Amino acid sequence: MKVIQSVKEISNIVSGWRREGETIGLVPTMGWFHEGHLSLMRMAREKASKLVVTLFVNPMQFGPSEDLGSYPRDLDRDRKLAELTGADILFSPPTEDIYPEGFQTQVSIKELSKGLCGASRPGHFNGVTTVVTKLFNLTQPDIAVFGEKDYQQLALIRRIVKDLNFNIAIIGHPIVREKDGVAMSSRNSYLTGDERKHALCLYTSILHAKKRVRESTDTLRSDTLKGEIEEIIQSTPGCTVDYVSIFDKDSLIASQTVDKDCMLALAVKINDRIRLIDNTPLYDT
Ligand code: AMP
């Protein structure tokens, strides 16, 4: 596996691959790899003859008071892990090559980016959609794998591909969880012992919601279920609700009642310092 930092070099390599008839798989990441990232890489590895993993902690998607400075970084650690999945290239460009002087374009999606994480993190998704568009252009993939853990992000990427005519198959990978159910996240590395225990309240909420849906015989109102989940979170030490939302899986529009096409997504702040997200479909298919 080659580690490449230059934008020009990655473009040359993928253009050569395309001429030779190779298919290219892409997995964009911000690094500090865990089993979630590695599963995405293995999935992409199976679906294309060449695999490019990108590692870029994208300043444009962090708000001014967010964790850009403290985000965990270790290229050498990540290089070894990506190599084990059979990646051909780890592309890790310097910020100034992605956003050179004079850079001023943004890709922004009107409606889908408004609610959920978009409401709590203004500007976040403009950063995500802009950088992913650039990564698509630089790596020319046939397929790209994204995690369902970032459900709204995945919906936005599917939208860009349709709206901007990218000829890329977007594949969603199910959420990879720790043994106790906590969704894997690079940000879990911020959690101290007690905080890690309390982080379980997101998964407990998901289990509660699915059980309620399974057991309810009448129409279940979203507000009722959201209230119960908020109660679970607020009664967990140090935990506060950023949002709890029940919405249509495609439009992401909030739903008054829980039906077959509904997702639950939640964001929780732990000790006002670490923000974790999780989601689930509410009906088993
Ligand atoms: P990140 O490095 O956090 O930007 O994530 C890179 C990719 O990995 C995104 O497509 C995420 O949705 C995905 N991802 C992160 N954590 C998980 C997880 N626990 N399960 C599945 N995919 C994940």
# chains A, B, ... in the order shown; residues from 1 in each chain; ligands from 1

call {"tool": "residues_near_ligand", "arguments": {"ligand": "ligand 1", "cutoff": "10 Å", "atoms": "only C-alpha atoms and all ligand atoms", "output": "ChimeraX atom specification"}}
result
/A:27-41,53-58,128,144-154,157,171-178,182-187,277-278

call {"tool": "residues_around", "arguments": {"residues": "Gln61 of chain A", "least_positions_apart": "2", "cutoff": "8 Å", "atoms": "only C-alpha atoms", "output": "PyMOL selection string"}}
result
chain A and resi 58-59+63+123-128

call {"tool": "write_last_selection", "arguments": {"atoms": "all heavy atoms", "output": "compact mmCIF listing (two decimals), in the first residue's frame"}}
result
# COMPACT_ATOMS: atom_id res chain seq x y z
N ASN A 58 -11.13 17.19 7.95
CA ASN A 58 -11.57 18.29 7.09
C ASN A 58 -11.98 19.52 7.89
O ASN A 58 -13.08 19.54 8.48
CB ASN A 58 -12.77 17.77 6.26
CG ASN A 58 -13.40 18.85 5.42
OD1 ASN A 58 -12.72 19.78 5.00
ND2 ASN A 58 -14.70 18.70 5.17
N PRO A 59 -11.15 20.56 7.92
CA PRO A 59 -11.48 21.72 8.77
C PRO A 59 -12.83 22.34 8.42
O PRO A 59 -13.50 22.86 9.31
CB PRO A 59 -10.36 22.73 8.46
CG PRO A 59 -9.36 22.03 7.64
CD PRO A 59 -9.93 20.75 7.14
N GLY A 63 -17.17 23.18 13.38
CA GLY A 63 -17.54 24.52 13.83
C GLY A 63 -16.41 25.11 14.66
O GLY A 63 -15.52 24.38 15.11
N GLY A 123 -23.31 24.60 9.13
CA GLY A 123 -22.17 24.61 8.20
C GLY A 123 -21.47 23.27 8.07
O GLY A 123 -20.71 23.04 7.13
N HIS A 124 -21.74 22.35 9.01
CA HIS A 124 -21.05 21.06 9.00
C HIS A 124 -21.21 20.34 7.66
O HIS A 124 -20.23 19.90 7.05
CB HIS A 124 -21.59 20.19 10.14
CG HIS A 124 -21.19 18.75 10.07
ND1 HIS A 124 -19.89 18.35 10.23
CD2 HIS A 124 -21.92 17.62 9.84
CE1 HIS A 124 -19.83 17.02 10.10
NE2 HIS A 124 -21.04 16.56 9.86
N PHE A 125 -22.44 20.24 7.19
CA PHE A 125 -22.66 19.42 5.99
C PHE A 125 -22.16 20.11 4.71
O PHE A 125 -21.83 19.42 3.75
CB PHE A 125 -24.13 19.00 5.88
CG PHE A 125 -24.46 17.88 6.84
CD1 PHE A 125 -25.46 18.03 7.79
CD2 PHE A 125 -23.74 16.69 6.82
CE1 PHE A 125 -25.76 17.00 8.68
CE2 PHE A 125 -24.03 15.65 7.70
CZ PHE A 125 -25.03 15.81 8.64
N ASN A 126 -22.09 21.44 4.72
CA ASN A 126 -21.45 22.09 3.56
C ASN A 126 -20.00 21.64 3.46
O ASN A 126 -19.48 21.42 2.38
CB ASN A 126 -21.47 23.61 3.70
CG ASN A 126 -22.82 24.18 3.35
OD1 ASN A 126 -23.73 23.44 2.98
ND2 ASN A 126 -22.96 25.48 3.47
N GLY A 127 -19.37 21.51 4.62
CA GLY A 127 -17.99 21.03 4.63
C GLY A 127 -17.89 19.61 4.13
O GLY A 127 -17.01 19.26 3.33
N VAL A 128 -18.82 18.77 4.59
CA VAL A 128 -18.80 17.36 4.19
C VAL A 128 -19.04 17.23 2.68
O VAL A 128 -18.27 16.56 1.97
CB VAL A 128 -19.88 16.55 4.96
CG1 VAL A 128 -20.02 15.15 4.39
CG2 VAL A 128 -19.56 16.50 6.45

call {"tool": "select_by_dssp", "arguments": {"residues": "segment 25-271 of chain A", "states": "strand (DSSP E or B)", "output": "PyMOL selection string"}}
result
chain A and resi 25-29+50-55+89-91+143-147+169-173+177+183+221+239-248+254+257+262-270

call {"tool": "residues_around", "arguments": {"residues": "segment 85-92 of chain A", "least_positions_apart": "2", "cutoff": "8 Å", "atoms": "only C-alpha atoms", "output": "mmCIF file with N, CA, C and O atoms, in the first residue's frame"}}
result
data_model
loop_
_atom_site.group_PDB
_atom_site.id
_atom_site.type_symbol
_atom_site.label_atom_id
_atom_site.label_comp_id
_atom_site.auth_asym_id
_atom_site.auth_seq_id
_atom_site.Cartn_x
_atom_site.Cartn_y
_atom_site.Cartn_z
ATOM 1 N N MET A 1 0.839 -1.203 0.000
ATOM 2 C CA MET A 1 0.000 0.000 0.000
ATOM 3 C C MET A 1 0.875 1.254 0.000
ATOM 4 O O MET A 1 1.848 1.321 0.724
ATOM 5 N N LYS A 2 0.488 2.201 -0.817
ATOM 6 C CA LYS A 2 1.245 3.461 -0.903
ATOM 7 C C LYS A 2 0.527 4.548 -0.109
ATOM 8 O O LYS A 2 -0.712 4.658 -0.220
ATOM 9 N N VAL A 3 1.281 5.344 0.644
ATOM 10 C CA VAL A 3 0.685 6.534 1.250
ATOM 11 C C VAL A 3 0.979 7.706 0.317
ATOM 12 O O VAL A 3 2.136 7.940 -0.035
ATOM 13 N N ILE A 4 -0.068 8.386 -0.111
ATOM 14 C CA ILE A 4 0.118 9.483 -1.062
ATOM 15 C C ILE A 4 -0.436 10.763 -0.468
ATOM 16 O O ILE A 4 -1.521 10.768 0.129
ATOM 17 N N GLN A 5 0.334 11.824 -0.602
ATOM 18 C CA GLN A 5 -0.131 13.097 -0.051
ATOM 19 C C GLN A 5 -0.437 14.107 -1.146
ATOM 20 O O GLN A 5 -1.220 15.029 -0.928
ATOM 21 N N ILE A 10 -2.133 11.490 -6.870
ATOM 22 C CA ILE A 10 -3.311 10.599 -6.805
ATOM 23 C C ILE A 10 -4.079 10.679 -8.130
ATOM 24 O O ILE A 10 -4.530 9.662 -8.664
ATOM 25 N N LEU A 38 -12.662 -0.149 9.190
ATOM 26 C CA LEU A 38 -12.002 -1.295 8.537
ATOM 27 C C LEU A 38 -13.043 -2.168 7.817
ATOM 28 O O LEU A 38 -12.766 -2.718 6.753
ATOM 29 N N MET A 41 -13.745 -0.612 4.550
ATOM 30 C CA MET A 41 -12.636 -0.865 3.611
ATOM 31 C C MET A 41 -12.726 -2.279 3.037
ATOM 32 O O MET A 41 -12.557 -2.489 1.843
ATOM 33 N N ARG A 42 -13.017 -3.254 3.908
ATOM 34 C CA ARG A 42 -13.106 -4.641 3.421
ATOM 35 C C ARG A 42 -14.260 -4.788 2.437
ATOM 36 O O ARG A 42 -14.160 -5.507 1.443
ATOM 37 N N ARG A 45 -13.161 -3.240 -0.775
ATOM 38 C CA ARG A 45 -12.109 -4.103 -1.344
ATOM 39 C C ARG A 45 -12.718 -5.219 -2.204
ATOM 40 O O ARG A 45 -12.210 -5.574 -3.257
ATOM 41 N N LYS A 50 -9.352 -1.915 -7.300
ATOM 42 C CA LYS A 50 -8.403 -1.055 -6.587
ATOM 43 C C LYS A 50 -9.140 -0.338 -5.457
ATOM 44 O O LYS A 50 -10.302 0.060 -5.630
ATOM 45 N N LEU A 51 -8.456 -0.196 -4.342
ATOM 46 C CA LEU A 51 -9.091 0.465 -3.191
ATOM 47 C C LEU A 51 -8.284 1.678 -2.736
ATOM 48 O O LEU A 51 -7.103 1.568 -2.408
ATOM 49 N N VAL A 52 -8.969 2.825 -2.740
ATOM 50 C CA VAL A 52 -8.361 4.054 -2.223
ATOM 51 C C VAL A 52 -9.078 4.431 -0.926
ATOM 52 O O VAL A 52 -10.309 4.564 -0.905
ATOM 53 N N VAL A 53 -8.305 4.570 0.145
ATOM 54 C CA VAL A 53 -8.852 5.062 1.411
ATOM 55 C C VAL A 53 -8.325 6.487 1.570
ATOM 56 O O VAL A 53 -7.129 6.721 1.361
ATOM 57 N N THR A 54 -9.213 7.422 1.880
ATOM 58 C CA THR A 54 -8.708 8.776 2.110
ATOM 59 C C THR A 54 -8.773 9.090 3.599
ATOM 60 O O THR A 54 -9.681 8.649 4.313
ATOM 61 N N LEU A 55 -7.778 9.819 4.048
ATOM 62 C CA LEU A 55 -7.713 10.223 5.448
ATOM 63 C C LEU A 55 -7.478 11.730 5.458
ATOM 64 O O LEU A 55 -6.391 12.201 5.097
ATOM 65 N N PHE A 56 -8.527 12.451 5.811
ATOM 66 C CA PHE A 56 -8.409 13.909 5.798
ATOM 67 C C PHE A 56 -9.319 14.470 6.889
ATOM 68 O O PHE A 56 -10.538 14.294 6.832
ATOM 69 N N ARG A 79 -1.968 3.809 8.880
ATOM 70 C CA ARG A 79 -1.360 3.219 7.677
ATOM 71 C C ARG A 79 -1.307 1.697 7.816
ATOM 72 O O ARG A 79 -1.683 0.954 6.914
ATOM 73 N N LEU A 81 -3.106 -0.249 9.764
ATOM 74 C CA LEU A 81 -4.442 -0.869 9.791
ATOM 75 C C LEU A 81 -5.069 -0.916 8.395
ATOM 76 O O LEU A 81 -5.640 -1.938 7.999
ATOM 77 N N ALA A 82 -4.918 0.166 7.644
ATOM 78 C CA ALA A 82 -5.505 0.195 6.293
ATOM 79 C C ALA A 82 -4.831 -0.843 5.405
ATOM 80 O O ALA A 82 -5.482 -1.515 4.595
ATOM 81 N N GLU A 83 -3.524 -0.990 5.590
ATOM 82 C CA GLU A 83 -2.780 -1.936 4.758
ATOM 83 C C GLU A 83 -3.311 -3.358 4.951
ATOM 84 O O GLU A 83 -3.424 -4.128 3.992
ATOM 85 N N PRO A 94 -2.309 17.228 2.612
ATOM 86 C CA PRO A 94 -2.263 18.360 3.543
ATOM 87 C C PRO A 94 -3.433 19.309 3.279
ATOM 88 O O PRO A 94 -3.905 19.415 2.134
#

call {"tool": "closest_atom_pairs", "arguments": {"of": "segment 95-145 of chain A", "to": "segment 235-249 of chain A", "cutoff": "9 Å", "atoms": "only C-alpha atoms", "output": "Markdown table"}}
result
| residue | atom | partner | partner_atom | distance |
| --- | --- | --- | --- | --- |
| A:Leu116 | CA | A:Tyr243 | CA | 7.0 |
| A:Cys117 | CA | A:Tyr243 | CA | 8.2 |
| A:Ser120 | CA | A:Asp242 | CA | 7.4 |

call {"tool": "write_last_selection", "arguments": {"atoms": "N, CA, C and O atoms", "output": "compact mmCIF listing (two decimals), in the first residue's frame"}}
result
# COMPACT_ATOMS: atom_id res chain seq x y z
N LEU A 116 -31.74 17.51 12.01
CA LEU A 116 -30.84 16.55 12.67
C LEU A 116 -29.48 17.19 12.97
O LEU A 116 -29.42 18.26 13.57
N CYS A 117 -28.38 16.55 12.55
CA CYS A 117 -27.05 17.09 12.85
C CYS A 117 -26.83 18.45 12.18
O CYS A 117 -26.06 19.28 12.68
N SER A 120 -27.85 21.14 14.56
CA SER A 120 -26.95 21.33 15.71
C SER A 120 -25.58 21.81 15.31
O SER A 120 -24.86 22.37 16.12

call {"tool": "closest_residue", "arguments": {"among": "A:Arg158, A:Ile232, A:Pro122, A:Cys262", "to": "Ser65 of chain A", "atoms": "only C-alpha atoms"}}
result
A:Pro122

call {"tool": "atom_distance", "arguments": {"atom1": "atom CA of Ile274 of chain A", "atom2": "atom CA of Leu252 of chain A"}}
result
24.4 Å

call {"tool": "residues_around", "arguments": {"residues": "segment 207-215 of chain A", "least_positions_apart": "3", "cutoff": "8 Å", "atoms": "only C-alpha atoms", "output": "list in words"}}
result
Tyr203, Thr204, Leu220, Leu225, Ile229, Val258, Leu282 and Tyr283 of chain A

call {"tool": "write_last_selection", "arguments": {"atoms": "N, CA and C atoms", "output": "mmCIF file, in the first residue's frame"}}
result
data_model
loop_
_atom_site.group_PDB
_atom_site.id
_atom_site.type_symbol
_atom_site.label_atom_id
_atom_site.label_comp_id
_atom_site.auth_asym_id
_atom_site.auth_seq_id
_atom_site.Cartn_x
_atom_site.Cartn_y
_atom_site.Cartn_z
ATOM 1 N N TYR A 203 -27.456 3.422 22.983
ATOM 2 C CA TYR A 203 -27.889 2.094 22.520
ATOM 3 C C TYR A 203 -29.084 1.597 23.340
ATOM 4 N N THR A 204 -29.075 1.916 24.641
ATOM 5 C CA THR A 204 -30.223 1.552 25.482
ATOM 6 C C THR A 204 -31.491 2.203 24.919
ATOM 7 N N LEU A 220 -48.315 4.473 17.387
ATOM 8 C CA LEU A 220 -47.433 5.058 18.408
ATOM 9 C C LEU A 220 -47.073 6.471 17.980
ATOM 10 N N LEU A 225 -42.767 8.486 22.133
ATOM 11 C CA LEU A 225 -41.534 7.699 22.128
ATOM 12 C C LEU A 225 -40.314 8.597 22.359
ATOM 13 N N ILE A 229 -37.404 8.399 25.363
ATOM 14 C CA ILE A 229 -35.964 8.323 25.088
ATOM 15 C C ILE A 229 -35.227 9.474 25.782
ATOM 16 N N VAL A 258 -45.126 6.803 14.372
ATOM 17 C CA VAL A 258 -44.076 5.862 13.992
ATOM 18 C C VAL A 258 -44.646 4.878 12.974
ATOM 19 N N LEU A 282 -36.836 1.762 12.825
ATOM 20 C CA LEU A 282 -37.656 1.382 13.983
ATOM 21 C C LEU A 282 -38.378 0.064 13.790
ATOM 22 N N TYR A 283 -38.522 -0.344 12.542
ATOM 23 C CA TYR A 283 -39.127 -1.654 12.260
ATOM 24 C C TYR A 283 -38.044 -2.576 11.703
#

call {"tool": "atom_distance", "arguments": {"atom1": "atom CA of Asp97 of chain A", "atom2": "atom CA of Phe136 of chain A"}}
result
15.3 Å

call {"tool": "atom_distance", "arguments": {"atom1": "atom CA of Asp223 of chain A", "atom2": "atom CA of Lys110 of chain A"}}
result
25.9 Å

call {"tool": "closest_residue", "arguments": {"among": "A:Ile160, A:Ser205, A:Lys114, A:Glu66", "to": "Gly227 of chain A", "atoms": "only C-alpha atoms"}}
result
A:Ser205

call {"tool": "closest_residue", "arguments": {"among": "A:Ser113, A:Asn167, A:Thr257, A:Asn188", "to": "Ala155 of chain A", "atoms": "only C-alpha atoms"}}
result
A:Ser113

call {"tool": "select_by_dssp", "arguments": {"residues": "segment 15-226 of chain A", "states": "helix (DSSP H, G or I)", "output": "count of residues only"}}
result
101
